[in-house]
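Engineer: I'd like to ask some things about the structure below.
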Amino acid sequence: MTQNGIAIRALRRARGWNLRDLAQRTDLSHGYLSRVERGRVNASSDVLRRIAEVFEVPPADITRGDDVSADTTIAPPPVRDVPHPATTEGAYFHYTPEEAALFLPLSARKLRERVYKREIPFSSINVGIHFTGLDIREITEQYRVRPLAETKGSKARVKRAA
């Protein structure tokens, strides 16, 4: 939740309003206001001014004193210090798809797609998709570029066997 969202929720609850009451007074949807409170969307300066007018407070009370003319932004989530999968420490470390994508030739989105298709190994702990360092090593091996001579030899063996 952002500071703006915390301030809006506190002002709304202090007046005993629910999201639908605030939505009716600001001519905004209650779903949008919920996302603003939870920090899921950036509220424009016009929206923040409109909310401040309804609460009869200065816009600085909602925007933590930031310049109201600038759009508010959501702070990026903190970045974890992750060990390299090739180290002993990284072998059993659980990586998110975004973290695993740093070590693989696939994006986080492509990793998720391949997991849903069961094309690559992954670890499912509690909720969500995670990769251990061992999973990342195995995926790396799957997508390793092999020398042309190695691939020609394997095709030749397949032809002879058929």
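Numbering starts fresh at 1 for the residues of each chain in the structure tokens, the chains themselves are lettered A, B, ... in the order given, and ligands are numbered from 1 as they appear.
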Out of chain A, which residues get helix (DSSP H, G or I) from DSSP, as a PyMOL selection string?
Structural biologist: chain A and resi 3-14+19-26+30-38+45-55+59-62+88-91+97-100+108-116+133-142+148-161
Engineer: Smallest atom-to-atom distance to Gln142 in chain A: which of A:Ile120, A:Gly128, A:Leu11, A:Asp81, using only C-alpha atoms?
Structural biologist: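 Distance minimum relative to Gln142 in chain A lands on A:Ile120.
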Engineer: Can you tell me, as a VMD selection string, what residues are no more than 10 Å from range 93-95 of chain A when counting only C-alpha atoms, ignoring any on the same chain fewer than 4 positions away?
Structural biologist: chain A and resid 80 82 to 85 87 to 89 99 to 101 122 to 125 129 to 136
Engineer: Can I get the selected residues back with N, CA, C and O atoms, as a short mmCIF file (atom, residue, chain, number, x, y, z; two decimals), in the first residue's frame?
Structural biologist:
data_model
loop_
_atom_site.label_atom_id
_atom_site.label_comp_id
_atom_site.auth_asym_id
_atom_site.auth_seq_id
_atom_site.Cartn_x
_atom_site.Cartn_y
_atom_site.Cartn_z
N ARG A 80 15.88 -8.51 -3.82
CA ARG A 80 16.59 -9.43 -2.93
C ARG A 80 18.00 -9.67 -3.45
O ARG A 80 18.24 -9.62 -4.65
N VAL A 82 20.29 -12.26 -4.40
CA VAL A 82 20.18 -13.68 -4.71
C VAL A 82 21.54 -14.24 -5.09
O VAL A 82 22.30 -13.62 -5.81
N PRO A 83 21.85 -15.46 -4.60
CA PRO A 83 23.12 -16.08 -4.98
C PRO A 83 23.04 -16.65 -6.39
O PRO A 83 21.96 -16.91 -6.91
N HIS A 84 24.17 -16.84 -7.00
CA HIS A 84 24.21 -17.42 -8.34
C HIS A 84 23.84 -18.90 -8.23
O HIS A 84 24.27 -19.59 -7.31
N PRO A 85 23.02 -19.42 -9.17
CA PRO A 85 22.60 -20.83 -9.09
C PRO A 85 23.74 -21.84 -9.15
O PRO A 85 23.59 -22.96 -8.68
N THR A 87 26.49 -21.73 -7.51
CA THR A 87 27.17 -21.86 -6.22
C THR A 87 26.44 -22.88 -5.35
O THR A 87 25.28 -23.22 -5.60
N THR A 88 27.11 -23.36 -4.32
CA THR A 88 26.46 -24.31 -3.41
C THR A 88 25.31 -23.65 -2.67
O THR A 88 24.29 -24.29 -2.41
N GLU A 89 25.47 -22.38 -2.34
CA GLU A 89 24.41 -21.65 -1.66
C GLU A 89 23.18 -21.48 -2.57
O GLU A 89 22.05 -21.54 -2.12
N GLU A 99 13.63 -13.46 -10.96
CA GLU A 99 15.02 -13.66 -10.57
C GLU A 99 15.68 -14.74 -11.42
O GLU A 99 16.84 -14.61 -11.81
N ALA A 100 14.94 -15.80 -11.73
CA ALA A 100 15.49 -16.88 -12.55
C ALA A 100 15.78 -16.39 -13.96
O ALA A 100 16.75 -16.83 -14.59
N ALA A 101 14.98 -15.46 -14.46
CA ALA A 101 15.18 -14.94 -15.81
C ALA A 101 16.51 -14.21 -15.95
O ALA A 101 17.03 -14.09 -17.06
N PHE A 122 10.30 -27.07 -12.12
CA PHE A 122 10.06 -25.94 -11.22
C PHE A 122 9.71 -26.48 -9.84
O PHE A 122 9.46 -27.67 -9.67
N SER A 123 9.69 -25.59 -8.87
CA SER A 123 9.30 -25.96 -7.51
C SER A 123 8.07 -25.15 -7.15
O SER A 123 8.03 -23.94 -7.37
N SER A 124 7.08 -25.81 -6.63
CA SER A 124 5.86 -25.12 -6.23
C SER A 124 5.80 -25.15 -4.71
O SER A 124 5.49 -26.17 -4.11
N ILE A 125 6.15 -24.02 -4.09
CA ILE A 125 6.08 -23.95 -2.63
C ILE A 125 4.98 -22.97 -2.26
O ILE A 125 4.91 -21.86 -2.79
N ILE A 129 5.08 -19.95 -8.43
CA ILE A 129 6.11 -20.71 -9.12
C ILE A 129 7.47 -20.25 -8.61
O ILE A 129 7.73 -19.05 -8.53
N HIS A 130 8.31 -21.20 -8.30
CA HIS A 130 9.68 -20.90 -7.88
C HIS A 130 10.61 -21.90 -8.54
O HIS A 130 10.21 -23.01 -8.90
N PHE A 131 11.85 -21.50 -8.70
CA PHE A 131 12.87 -22.36 -9.27
C PHE A 131 14.01 -22.47 -8.28
O PHE A 131 14.42 -21.47 -7.71
N THR A 132 14.53 -23.68 -8.08
CA THR A 132 15.74 -23.82 -7.27
C THR A 132 16.93 -23.63 -8.22
O THR A 132 16.77 -23.65 -9.44
N GLY A 133 18.10 -23.49 -7.64
CA GLY A 133 19.30 -23.39 -8.46
C GLY A 133 19.49 -24.62 -9.32
O GLY A 133 19.95 -24.54 -10.46
N LEU A 134 19.11 -25.79 -8.78
CA LEU A 134 19.21 -27.03 -9.55
C LEU A 134 18.26 -27.00 -10.75
O LEU A 134 18.61 -27.47 -11.84
N ASP A 135 17.04 -26.45 -10.55
CA ASP A 135 16.09 -26.31 -11.67
C ASP A 135 16.70 -25.40 -12.75
O ASP A 135 16.61 -25.70 -13.94
N ILE A 136 17.30 -24.31 -12.32
CA ILE A 136 17.88 -23.35 -13.27
C ILE A 136 19.02 -24.01 -14.05
O ILE A 136 19.15 -23.82 -15.26
#
Engineer: If you run DSSP over the backbone, which residues in chain A end up strand (DSSP E or B)? Put them as a PyMOL selection string.
Structural biologist: chain A and resi 94-95+123+130-132
Engineer: Measuring atom to atom with only C-alpha atoms, identify which of A:Ile6, A:Thr96, A:Leu33, A:Thr140 is nearest to Val127 in chain A.
Structural biologist: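 Comparing A:Ile6, A:Thr96, A:Leu33, A:Thr140 against Val127 in chain A, the winner is A:Thr96.
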Engineer: Need the shell around Arg50 in chain A: protein/DNA/RNA residues with any atom at most 9 Å away, counting only C-alpha atoms. Skip same-chain ones fewer than 5 positions apart. Format as a ChimeraX atom specification?
Structural biologist: /A:26,45,55,59
